[in-house]
>>> print(open('structure23.txt').read())   # compact mmCIF, C-alpha atoms
# COMPACT_ATOMS: atom_id res chain seq x y z
CA MET A 1 26.92 -185.39 -42.45
CA ASN A 2 26.25 -184.73 -38.77
CA TYR A 3 24.48 -187.64 -37.09
CA GLN A 4 22.48 -185.47 -34.74
CA TYR A 5 19.86 -185.21 -37.45
CA ASP A 6 16.95 -187.63 -37.60
CA ALA A 7 15.83 -186.89 -41.15
CA ILE A 8 16.53 -184.99 -44.30
CA VAL A 9 13.87 -183.70 -46.66
CA ILE A 10 14.70 -182.74 -50.21
CA GLY A 11 12.63 -180.91 -52.80
CA VAL A 12 13.62 -180.66 -56.45
CA SER A 13 11.86 -179.34 -59.51
CA THR A 14 11.25 -181.11 -62.78
CA GLY A 15 14.50 -182.15 -64.36
CA GLY A 16 16.25 -182.14 -60.99
CA LEU A 17 17.52 -185.68 -61.37
CA ASP A 18 21.15 -184.53 -61.75
CA ALA A 19 20.81 -182.47 -58.58
CA LEU A 20 19.61 -185.57 -56.75
CA GLU A 21 22.44 -187.65 -58.19
CA THR A 22 24.92 -185.07 -56.91
CA VAL A 23 23.43 -184.98 -53.42
CA PHE A 24 23.18 -188.75 -53.15
CA SER A 25 26.79 -189.19 -54.23
CA LEU A 26 27.79 -187.05 -51.25
CA PHE A 27 26.38 -189.58 -48.80
CA THR A 28 29.14 -191.66 -47.24
CA ASP A 29 28.89 -195.43 -47.08
CA ASP A 30 27.82 -195.38 -43.45
CA PHE A 31 25.22 -192.66 -44.03
CA ALA A 32 21.93 -193.92 -42.60
CA VAL A 33 19.77 -190.86 -41.95
CA PRO A 34 16.35 -191.35 -43.58
CA VAL A 35 15.66 -189.07 -46.52
CA MET A 36 12.31 -188.06 -48.04
CA VAL A 37 12.27 -186.61 -51.51
CA VAL A 38 9.69 -184.71 -53.51
CA GLN A 39 10.50 -184.24 -57.15
CA HIS A 40 8.03 -182.37 -59.36
CA ARG A 41 7.20 -184.62 -62.26
CA GLY A 42 4.52 -185.64 -64.71
CA ARG A 43 1.87 -188.29 -64.08
CA ASP A 44 3.86 -191.16 -65.48
CA ARG A 45 3.96 -193.79 -62.74
CA ASP A 46 6.36 -196.25 -64.29
CA ALA A 47 9.13 -193.68 -64.47
CA ASN A 48 9.38 -193.72 -60.67
CA ASP A 49 10.64 -197.32 -60.64
CA PHE A 50 13.38 -196.31 -63.04
CA ILE A 51 14.28 -193.24 -61.00
CA CYS A 52 14.53 -195.24 -57.78
CA ARG A 53 16.70 -197.89 -59.33
CA HIS A 54 18.85 -195.24 -61.01
CA LEU A 55 19.39 -193.21 -57.85
CA ALA A 56 20.14 -196.33 -55.80
CA GLY A 57 23.33 -196.59 -57.80
CA PHE A 58 24.60 -193.32 -56.29
CA CYS A 59 24.52 -194.22 -52.60
CA GLY A 60 24.34 -197.07 -50.13
CA SER A 61 20.79 -196.45 -48.93
CA ASP A 62 17.73 -198.32 -50.11
CA VAL A 63 15.88 -196.01 -52.52
CA ARG A 64 12.19 -196.66 -53.00
CA GLU A 65 8.87 -195.06 -53.75
CA ALA A 66 7.08 -194.13 -50.53
CA GLU A 67 4.15 -196.34 -49.66
CA ASP A 68 1.26 -195.20 -47.52
CA LYS A 69 1.75 -195.87 -43.76
CA GLU A 70 5.35 -196.94 -44.35
CA PRO A 71 7.51 -196.40 -41.26
CA VAL A 72 10.47 -194.06 -41.81
CA ARG A 73 13.61 -196.13 -41.24
CA PRO A 74 17.33 -195.38 -41.21
CA GLY A 75 19.19 -196.44 -44.32
CA HIS A 76 16.18 -195.65 -46.51
CA ILE A 77 15.40 -192.95 -49.02
CA TYR A 78 11.73 -192.41 -49.87
CA ILE A 79 10.60 -190.79 -53.10
CA ALA A 80 7.11 -189.31 -53.31
CA PRO A 81 4.95 -191.07 -55.91
CA PRO A 82 3.85 -188.91 -58.85
CA ASN A 83 0.53 -187.16 -58.28
CA TYR A 84 0.34 -187.79 -54.51
CA HIS A 85 1.33 -185.52 -51.64
CA LEU A 86 3.82 -187.07 -49.22
CA MET A 87 3.53 -186.29 -45.52
CA VAL A 88 5.17 -187.41 -42.30
CA GLU A 89 2.96 -188.31 -39.33
CA MET A 90 3.87 -187.70 -35.67
CA ASN A 91 4.50 -191.42 -35.24
CA ARG A 92 7.15 -191.23 -37.99
CA THR A 93 5.23 -193.07 -40.67
CA LEU A 94 4.62 -191.72 -44.13
CA SER A 95 1.21 -190.89 -45.45
CA LEU A 96 -0.02 -190.00 -48.90
CA SER A 97 -2.91 -187.90 -50.05
CA VAL A 98 -4.62 -186.82 -53.24
CA ASP A 99 -5.57 -183.40 -51.89
CA PRO A 100 -5.53 -180.58 -54.46
CA PRO A 101 -2.14 -179.42 -55.75
CA VAL A 102 -0.27 -176.88 -53.62
CA ASN A 103 1.66 -174.23 -55.55
CA PHE A 104 0.35 -176.07 -58.63
CA SER A 105 2.30 -179.09 -57.50
CA ARG A 106 1.38 -182.56 -56.38
CA PRO A 107 3.54 -183.83 -54.77
CA SER A 108 4.31 -180.52 -53.17
CA ILE A 109 7.58 -179.72 -51.46
CA ASP A 110 5.81 -177.43 -48.99
CA VAL A 111 3.50 -180.23 -47.88
CA LEU A 112 6.39 -182.59 -47.15
CA PHE A 113 8.51 -179.94 -45.48
CA GLU A 114 5.74 -178.55 -43.29
CA THR A 115 4.67 -181.94 -41.98
CA ALA A 116 8.28 -183.09 -41.48
CA ALA A 117 9.12 -179.88 -39.61
CA GLU A 118 6.42 -180.59 -37.04
CA VAL A 119 7.66 -184.12 -36.48
CA TYR A 120 11.43 -183.70 -36.49
CA LYS A 121 11.72 -180.06 -35.38
CA ASP A 122 15.39 -179.24 -34.82
CA LYS A 123 16.58 -182.65 -35.94
CA LEU A 124 15.68 -181.95 -39.56
CA VAL A 125 17.59 -180.70 -42.57
CA GLY A 126 15.66 -179.28 -45.51
CA VAL A 127 17.21 -179.02 -48.97
CA VAL A 128 15.51 -177.22 -51.84
CA MET A 129 16.81 -177.24 -55.37
CA THR A 130 14.26 -175.68 -57.63
CA GLY A 131 14.13 -173.23 -60.43
CA ALA A 132 11.40 -170.68 -60.86
CA ASN A 133 8.77 -172.58 -58.89
CA ASN A 134 7.78 -171.20 -55.50
CA ASP A 135 7.03 -174.58 -54.03
CA GLY A 136 9.29 -175.19 -51.06
CA SER A 137 9.84 -171.66 -49.81
CA THR A 138 7.07 -171.74 -47.20
CA GLY A 139 8.15 -175.19 -46.12
CA LEU A 140 11.76 -174.07 -45.74
CA LYS A 141 10.67 -171.14 -43.60
CA LYS A 142 8.83 -173.50 -41.29
CA ILE A 143 11.85 -175.77 -40.98
CA LYS A 144 13.97 -172.74 -40.10
CA ARG A 145 11.47 -171.75 -37.42
CA LEU A 146 11.12 -175.17 -35.87
CA GLY A 147 14.35 -176.75 -36.96
CA ARG A 148 17.84 -175.88 -37.65
CA ALA A 149 19.38 -176.33 -41.04
CA CYS A 150 18.29 -175.30 -44.46
CA ILE A 151 20.05 -175.47 -47.76
CA SER A 152 18.64 -173.92 -50.84
CA SER A 153 19.89 -173.38 -54.35
CA GLU A 154 18.69 -172.21 -57.72
CA ALA A 155 18.69 -174.92 -60.34
CA MET B 1 7.66 -174.81 -30.04
CA ASP B 2 4.76 -173.66 -27.93
CA ASN B 3 2.34 -172.70 -30.70
CA LEU B 4 2.62 -176.10 -32.34
CA GLU B 5 1.65 -177.95 -29.21
CA THR B 6 -1.28 -175.63 -28.61
CA GLU B 7 -2.45 -176.09 -32.18
CA ASN B 8 -2.34 -179.85 -31.82
CA ILE B 9 -4.40 -179.63 -28.62
CA GLU B 10 -6.95 -177.45 -30.38
CA LEU B 11 -7.16 -179.90 -33.26
CA GLU B 12 -7.71 -182.81 -30.91
CA LEU B 13 -10.52 -180.89 -29.20
CA LEU B 14 -12.10 -179.88 -32.52
CA LEU B 15 -12.24 -183.46 -33.74
CA LYS B 16 -13.77 -184.52 -30.46
CA ALA B 17 -16.34 -181.73 -30.69
CA ILE B 18 -17.28 -182.77 -34.23
CA TYR B 19 -17.73 -186.33 -33.09
CA MET B 20 -19.76 -185.47 -30.02
CA LYS B 21 -21.99 -182.94 -31.76
CA TYR B 22 -22.45 -184.42 -35.22
CA GLY B 23 -21.27 -188.02 -34.99
CA TYR B 24 -18.62 -187.78 -37.73
CA ASP B 25 -15.47 -189.41 -36.47
CA PHE B 26 -12.29 -187.93 -37.95
CA ARG B 27 -10.23 -188.72 -34.89
CA SER B 28 -8.56 -191.71 -36.46
CA TYR B 29 -7.95 -190.15 -39.80
CA SER B 30 -4.41 -189.53 -40.90
CA ARG B 31 -3.64 -186.54 -38.69
CA ALA B 32 -1.26 -184.67 -40.99
CA SER B 33 -3.92 -184.56 -43.71
CA VAL B 34 -6.69 -183.50 -41.35
CA LYS B 35 -4.55 -180.76 -39.88
CA ARG B 36 -3.78 -179.33 -43.30
CA ARG B 37 -7.42 -179.27 -44.26
CA VAL B 38 -8.49 -177.65 -41.04
CA LYS B 39 -5.82 -174.99 -41.40
CA GLN B 40 -6.87 -174.33 -44.96
CA HIS B 41 -10.43 -173.96 -43.77
CA LEU B 42 -9.18 -171.55 -41.12
CA LYS B 43 -7.54 -169.39 -43.77
CA LYS B 44 -10.68 -169.50 -45.88
CA THR B 45 -12.99 -168.39 -43.10
CA GLY B 46 -10.70 -165.71 -41.71
CA LEU B 47 -11.11 -167.01 -38.16
CA LYS B 48 -8.06 -166.68 -35.95
CA THR B 49 -7.63 -170.02 -34.26
CA ILE B 50 -8.79 -173.62 -34.49
CA SER B 51 -10.62 -173.05 -31.21
CA ASP B 52 -12.67 -170.39 -32.99
CA ILE B 53 -13.74 -173.02 -35.52
CA GLN B 54 -14.76 -175.34 -32.71
CA CYS B 55 -16.84 -172.65 -31.10
CA LYS B 56 -18.60 -171.82 -34.33
CA ILE B 57 -19.39 -175.35 -35.46
CA LEU B 58 -20.99 -176.17 -32.14
CA TYR B 59 -23.62 -173.49 -32.64
CA ASP B 60 -23.82 -173.13 -36.40
CA LYS B 61 -24.87 -176.20 -38.35
CA ASP B 62 -24.47 -174.53 -41.74
CA PHE B 63 -20.96 -173.51 -40.88
CA PHE B 64 -20.25 -177.11 -39.95
CA SER B 65 -21.51 -178.29 -43.34
CA ILE B 66 -18.92 -176.11 -44.99
CA LEU B 67 -16.18 -177.52 -42.77
CA LEU B 68 -17.40 -181.02 -43.51
CA GLN B 69 -17.11 -180.39 -47.23
CA ASP B 70 -13.57 -179.11 -46.75
CA MET B 71 -12.66 -182.18 -44.74
CA SER B 72 -13.98 -184.68 -47.23
CA VAL B 73 -11.87 -185.63 -50.17
CA ASN B 74 -13.79 -186.54 -53.26
CA VAL B 75 -11.20 -186.91 -55.95
CA THR B 76 -12.35 -189.47 -58.45
CA GLU B 77 -12.65 -190.01 -62.18
CA MET B 78 -13.93 -192.65 -64.54
CA PHE B 79 -11.51 -195.51 -65.07
CA ARG B 80 -9.11 -193.91 -62.65
CA ASP B 81 -5.73 -195.66 -62.93
CA PRO B 82 -6.59 -197.43 -66.21
CA SER B 83 -4.00 -200.12 -65.56
CA PHE B 84 -6.08 -201.23 -62.57
CA TYR B 85 -9.11 -201.81 -64.80
CA ARG B 86 -6.94 -203.60 -67.29
CA ALA B 87 -5.68 -205.96 -64.60
CA LEU B 88 -9.29 -206.49 -63.46
CA ARG B 89 -10.34 -207.35 -66.97
CA GLU B 90 -7.45 -209.72 -67.60
CA LYS B 91 -6.91 -211.44 -64.26
CA ILE B 92 -9.95 -211.00 -62.02
CA ILE B 93 -13.03 -210.99 -64.24
CA PRO B 94 -12.28 -214.49 -65.60
CA GLU B 95 -12.34 -215.75 -61.99
CA LEU B 96 -15.53 -213.91 -61.11
CA ALA B 97 -17.17 -215.13 -64.30
CA LYS B 98 -17.08 -218.68 -62.93
CA LEU B 99 -19.53 -217.72 -60.16
CA PRO B 100 -23.33 -218.00 -60.50
CA LEU B 101 -23.84 -214.68 -58.74
CA ILE B 102 -21.26 -211.93 -58.23
CA LYS B 103 -21.50 -209.54 -55.28
CA ILE B 104 -19.28 -206.49 -55.38
CA TRP B 105 -18.92 -203.82 -52.71
CA HIS B 106 -17.60 -200.39 -53.67
CA ALA B 107 -16.67 -198.92 -50.32
CA GLY B 108 -16.34 -195.14 -50.29
CA CYS B 109 -17.91 -194.70 -53.72
CA SER B 110 -17.91 -190.88 -53.62
CA THR B 111 -19.73 -189.41 -56.64
CA GLY B 112 -19.88 -192.76 -58.37
CA GLU B 113 -17.50 -192.49 -61.31
CA GLU B 114 -15.55 -195.58 -60.38
CA VAL B 115 -18.72 -197.56 -59.71
CA TYR B 116 -20.05 -196.83 -63.18
CA SER B 117 -16.65 -197.70 -64.60
CA MET B 118 -16.98 -201.10 -62.96
CA ALA B 119 -20.50 -201.44 -64.37
CA ILE B 120 -19.23 -200.71 -67.87
CA LEU B 121 -16.44 -203.24 -67.47
CA LEU B 122 -18.86 -205.93 -66.28
CA LYS B 123 -21.20 -205.23 -69.18
CA GLU B 124 -18.44 -205.51 -71.73
CA GLU B 125 -17.28 -208.79 -70.25
CA GLY B 126 -20.83 -210.10 -70.31
CA ILE B 127 -21.28 -210.65 -66.58
CA TYR B 128 -23.22 -207.55 -65.55
CA ASP B 129 -26.55 -209.35 -65.42
CA LYS B 130 -25.39 -211.75 -62.71
CA SER B 131 -23.59 -209.04 -60.76
CA ARG B 132 -24.87 -206.96 -57.87
CA ILE B 133 -22.90 -203.83 -56.96
CA TYR B 134 -23.31 -202.32 -53.51
CA ALA B 135 -21.94 -198.79 -53.61
CA THR B 136 -21.60 -197.07 -50.24
CA ASP B 137 -20.39 -193.79 -48.79
CA PHE B 138 -20.99 -191.93 -45.54
CA ASP B 139 -21.59 -188.60 -47.30
CA GLU B 140 -25.23 -188.16 -48.36
CA GLU B 141 -24.42 -185.38 -50.78
CA VAL B 142 -21.99 -187.37 -52.88
CA LEU B 143 -24.22 -190.43 -52.71
CA SER B 144 -27.00 -188.38 -54.19
CA LYS B 145 -24.75 -187.27 -57.05
CA ALA B 146 -23.64 -190.85 -57.56
CA LYS B 147 -27.25 -192.00 -57.89
CA ASP B 148 -27.86 -189.36 -60.57
CA GLY B 149 -24.90 -190.38 -62.68
CA VAL B 150 -24.60 -186.89 -64.15
CA TYR B 151 -21.13 -185.53 -64.78
CA SER B 152 -19.55 -182.43 -66.26
CA ILE B 153 -18.83 -182.54 -69.96
CA GLU B 154 -15.43 -180.94 -69.34
CA LYS B 155 -14.10 -184.17 -67.93
CA LEU B 156 -15.28 -186.21 -70.86
CA ARG B 157 -12.08 -186.05 -72.81
CA ASP B 158 -10.00 -187.38 -69.92
CA TYR B 159 -12.60 -190.05 -69.19
CA THR B 160 -12.58 -191.21 -72.81
CA ILE B 161 -8.79 -191.51 -72.76
CA ASN B 162 -8.89 -193.43 -69.48
CA TYR B 163 -11.59 -195.72 -70.87
CA LYS B 164 -9.47 -196.56 -73.91
CA ASN B 165 -6.35 -197.12 -71.80
CA ALA B 166 -8.35 -199.41 -69.55
CA GLY B 167 -8.97 -201.67 -72.54
CA GLY B 168 -12.47 -200.44 -73.35
CA LEU B 169 -14.02 -202.58 -76.06
CA GLU B 170 -16.70 -200.23 -77.33
CA SER B 171 -16.92 -196.49 -77.75
CA PHE B 172 -17.21 -194.56 -74.54
CA VAL B 173 -19.92 -192.47 -76.17
CA ASP B 174 -22.20 -195.52 -76.16
CA TYR B 175 -22.60 -195.22 -72.41
CA TYR B 176 -23.92 -191.73 -72.03
CA SER B 177 -26.05 -189.02 -73.56
CA ALA B 178 -24.89 -185.41 -73.57
CA LYS B 179 -27.02 -182.43 -72.67
CA TYR B 180 -25.69 -178.86 -72.40
CA GLU B 181 -22.59 -179.03 -70.18
CA PHE B 182 -23.45 -182.40 -68.73
CA VAL B 183 -23.39 -186.05 -69.60
CA LEU B 184 -25.94 -188.45 -68.23
CA LEU B 185 -24.83 -192.03 -67.89
CA ASP B 186 -27.10 -194.65 -69.34
CA ASN B 187 -29.84 -196.02 -67.10
CA SER B 188 -28.94 -199.58 -68.04
CA LEU B 189 -25.72 -199.13 -66.05
CA LYS B 190 -27.69 -198.37 -62.89
CA GLU B 191 -29.95 -201.42 -62.85
CA ASN B 192 -27.78 -203.67 -60.70
CA ILE B 193 -26.25 -200.95 -58.52
CA LEU B 194 -27.58 -200.24 -55.06
CA PHE B 195 -26.35 -197.00 -53.49
CA SER B 196 -26.57 -196.70 -49.73
CA ASN B 197 -25.13 -194.95 -46.72
CA HIS B 198 -22.43 -196.79 -44.85
CA ASN B 199 -19.66 -195.45 -42.64
CA LEU B 200 -16.46 -197.48 -42.67
CA VAL B 201 -15.46 -196.12 -39.28
CA SER B 202 -18.59 -197.05 -37.40
CA ASP B 203 -20.74 -199.49 -39.37
CA SER B 204 -20.46 -203.24 -39.62
CA VAL B 205 -20.55 -206.11 -42.09
CA PHE B 206 -23.68 -206.14 -44.21
CA GLY B 207 -23.11 -209.04 -46.55
CA GLU B 208 -20.68 -211.59 -47.95
CA MET B 209 -18.92 -210.28 -51.03
CA ASN B 210 -16.92 -211.76 -53.89
CA MET B 211 -15.01 -208.54 -54.40
CA ILE B 212 -14.48 -205.35 -52.43
CA VAL B 213 -13.14 -202.24 -54.12
CA CYS B 214 -11.88 -199.45 -51.88
CA ARG B 215 -9.40 -197.24 -53.63
CA ASN B 216 -7.77 -194.10 -52.30
CA VAL B 217 -10.08 -193.96 -49.31
CA LEU B 218 -7.85 -195.71 -46.81
CA ILE B 219 -4.92 -193.36 -47.35
CA TYR B 220 -6.89 -190.86 -45.30
CA PHE B 221 -7.16 -193.18 -42.31
CA ASN B 222 -4.44 -193.74 -39.74
CA ARG B 223 -2.99 -197.21 -39.32
CA ASP B 224 -5.29 -198.31 -36.51
CA LEU B 225 -8.36 -197.29 -38.42
CA GLN B 226 -7.02 -198.94 -41.56
CA ASP B 227 -6.57 -202.16 -39.58
CA HIS B 228 -10.12 -201.89 -38.34
CA VAL B 229 -11.38 -201.47 -41.89
CA PHE B 230 -9.24 -204.31 -43.21
CA SER B 231 -10.79 -206.56 -40.56
CA LEU B 232 -14.21 -205.38 -41.66
CA PHE B 233 -13.33 -206.17 -45.25
CA SER B 234 -11.89 -209.55 -44.37
CA ASN B 235 -15.10 -210.43 -42.55
CA SER B 236 -17.14 -209.23 -45.51
CA LEU B 237 -15.40 -211.38 -48.09
CA CYS B 238 -16.04 -214.94 -49.19
CA GLN B 239 -13.08 -217.25 -49.23
CA ASN B 240 -11.10 -216.50 -52.42
CA GLY B 241 -12.81 -213.13 -52.63
CA PHE B 242 -10.83 -210.15 -53.95
CA LEU B 243 -9.83 -206.96 -52.23
CA CYS B 244 -8.79 -204.05 -54.45
CA LEU B 245 -6.94 -201.10 -52.96
CA GLY B 246 -5.59 -197.88 -54.47
CA SER B 247 -2.31 -198.09 -56.34
CA LYS B 248 -0.29 -196.52 -53.53
CA GLU B 249 -2.08 -198.29 -50.69
CA THR B 250 -1.03 -201.56 -49.18
CA LEU B 251 -2.15 -204.37 -46.93
CA ARG B 252 1.48 -205.01 -46.02
CA PHE B 253 1.61 -203.13 -42.70
CA SER B 254 -1.66 -204.52 -41.39
CA ARG B 255 -2.11 -207.48 -39.09
CA ASN B 256 -4.73 -208.70 -41.57
CA TYR B 257 -2.05 -209.19 -44.20
CA GLU B 258 -1.62 -212.88 -43.41
CA LYS B 259 -5.29 -213.55 -44.25
CA PHE B 260 -4.65 -212.58 -47.85
CA GLU B 261 -2.34 -213.48 -50.69
CA ASP B 262 -1.08 -211.18 -53.42
CA MET B 263 -3.11 -211.56 -56.60
CA VAL B 264 -1.94 -208.69 -58.82
CA ILE B 265 0.47 -206.92 -56.53
CA LYS B 266 1.31 -204.04 -58.84
CA GLU B 267 -2.34 -203.02 -58.82
CA LYS B 268 -2.82 -203.84 -55.12
CA ILE B 269 -5.33 -206.61 -55.74
CA TYR B 270 -5.38 -209.25 -53.01
CA ARG B 271 -7.20 -212.54 -52.60
CA LYS B 272 -8.59 -213.81 -49.30
CA LYS B 273 -7.12 -217.18 -48.40
>>> encode(input="structure23.txt", output="structure tokens")
Amino acid sequence: MNYQYDAIVIGVSTGGLDALETVFSLFTDDFAVPVMVVQHRGRDRDANDFICRHLAGFCGSDVREAEDKEPVRPGHIYIAPPNYHLMVEMNRTLSLSVDPPVNFSRPSIDVLFETAAEVYKDKLVGVVMTGANNDGSTGLKKIKRLGRACISSEA
Amino acid sequence: MDNLETENIELELLLKAIYMKYGYDFRSYSRASVKRRVKQHLKKTGLKTISDIQCKILYDKDFFSILLQDMSVNVTEMFRDPSFYRALREKIIPELAKLPLIKIWHAGCSTGEEVYSMAILLKEEGIYDKSRIYATDFDEEVLSKAKDGVYSIEKLRDYTINYKNAGGLESFVDYYSAKYEFVLLDNSLKENILFSNHNLVSDSVFGEMNMIVCRNVLIYFNRDLQDHVFSLFSNSLCQNGFLCLGSKETLRFSRNYEKFEDMVIKEKIYRKK
């Protein structure tokens, strides 16, 4: 991974855990770029603890559920909590909201990507791995406009 | 990117205009959230730029009311996050029960669902009569709805499930009467609740509380404003009083953190040292 990037944002649809496992396994041991992840899921809160612990086994970064006002730090991977939108503020802290679903999704990939694009501009990589769901396409377009790299795949 | 910077300038000016004209201060709200809501409002109204919104709200009060509605978030439900109410019942109520009089402040009570949930909980644990709940919000419209205690019957099923998951001892149906598409909560729940207007951004301490509940309000504030509110809460709490935040909120990044200790950390319940 090229170290000229300040952040990576990833969006996956329901059942995208394998996709995340694959991506995380690609991170080298010295990989420290902060990563924010939105995965479409049900309302079950407890499952997020399991997912974080599970994914931590695939890379060297600290994997945790994003907390409101948490500063984005290198060496950390932040997973959006179920049923909250995850956003990045200009001062590079994370914020959550319970605003209505976007593209029927909360957390929404578009919401994360659009806010991250404004903050990181051309130092951002956006990765979308979803199936039929539209969520993420508008966000990716914004990253392309303001940023540089986009990777997208069908599940 | 030039447009982005211009947009951010326009947003800054709009928030200032709202504050100067109407006194509502959204300047220290979490900016990413505010920006999204303003842009959504822009799409809805068909205006071209954020500056157009500013122009209109300065001269058109009704138009401002619509914007205000779009900028307020009023997501709430009865027994929201049932595990929170369970933790209250098991760990906090026994402590509060030891007091001769219990003063509880529901800050940012919105349309009241969570306040009435608290009332039901207190009744079931037998301490409602010695409790006084102060429910506040800065939005007169939602306060009015909260005072009525009338809710849509569509939500009833979810509310009943939440109630049961929160450890409800009775039948949820005991607490309301249904009429057409609405349910009206029982008057007995309202007796010890005082609803009033209070703005967390600008108003000050109004009493010494044994517990403050403020859930999913602070996520909309930026860190500085959150700190300001945490100070307000700290000054409004008795020693050993409880502060209850939303499940994804935290006191951890605030300079007020050291004044508190974790009580039920999973549910974001803190105790003032």
>>> closest_residue(input="structure23.txt", among="B:Lys44, B:Arg215, B:Arg157, B:Arg271", to="chain A", atoms="all atoms listed in the file")
B:Arg215
>>> interface_residues(input="structure23.txt", of="chain A", to="chain B", cutoff="6 Å", atoms="only C-alpha atoms", output="ChimeraX atom specification")
/A:67-68,89
>>> residues_around(input="structure23.txt", residues="Gln39 of chain A", least_positions_apart="4", cutoff="7 Å", atoms="all atoms listed in the file", output="VMD selection string")
chain A and resid 11 to 14
>>> residues_around(input="structure23.txt", residues="segment 88-104 of chain B", least_positions_apart="3", cutoff="7 Å", atoms="all atoms listed in the file", output="mmCIF file with C-alpha atoms, in the frame of the given file")
data_model
loop_
_atom_site.group_PDB
_atom_site.id
_atom_site.type_symbol
_atom_site.label_atom_id
_atom_site.label_comp_id
_atom_site.auth_asym_id
_atom_site.auth_seq_id
_atom_site.Cartn_x
_atom_site.Cartn_y
_atom_site.Cartn_z
ATOM 1 C CA PHE B 84 -6.080 -201.230 -62.570
ATOM 2 C CA TYR B 85 -9.110 -201.810 -64.800
ATOM 3 C CA ILE B 127 -21.280 -210.650 -66.580
ATOM 4 C CA LYS B 130 -25.390 -211.750 -62.710
ATOM 5 C CA SER B 131 -23.590 -209.040 -60.760
ATOM 6 C CA ARG B 132 -24.870 -206.960 -57.870
ATOM 7 C CA ILE B 133 -22.900 -203.830 -56.960
ATOM 8 C CA TYR B 134 -23.310 -202.320 -53.510
ATOM 9 C CA MET B 209 -18.920 -210.280 -51.030
ATOM 10 C CA ASN B 210 -16.920 -211.760 -53.890
ATOM 11 C CA MET B 211 -15.010 -208.540 -54.400
ATOM 12 C CA ILE B 212 -14.480 -205.350 -52.430
#
>>> residues_around(input="structure23.txt", residues="Asn48 of chain A", least_positions_apart="5", cutoff="9 Å", atoms="all atoms listed in the file", output="list of chain:residue names")
A:Arg53, A:Arg64, A:Glu65, A:Ile79, A:Ala80, A:Pro81, A:Pro82
>>> residues_around(input="structure23.txt", residues="Val35 of chain A", least_positions_apart="5", cutoff="9 Å", atoms="all atoms listed in the file", output="NGL selection string")
:A and (7-10 or 72 or 74-79)
>>> closest_residue(input="structure23.txt", among="A:Met36, A:Leu17, A:Val125, A:Leu146", to="Leu112 of chain A", atoms="all atoms listed in the file")
A:Met36
>>> closest_residue(input="structure23.txt", among="B:Asp62, B:Asp70, B:Glu261, B:Asp203", to="Thr136 of chain B", atoms="only C-alpha atoms")
B:Asp203
>>> atom_distance(input="structure23.txt", atom1="atom CA of Val213 of chain B", atom2="atom CA of Glu114 of chain B")
9.5 Å
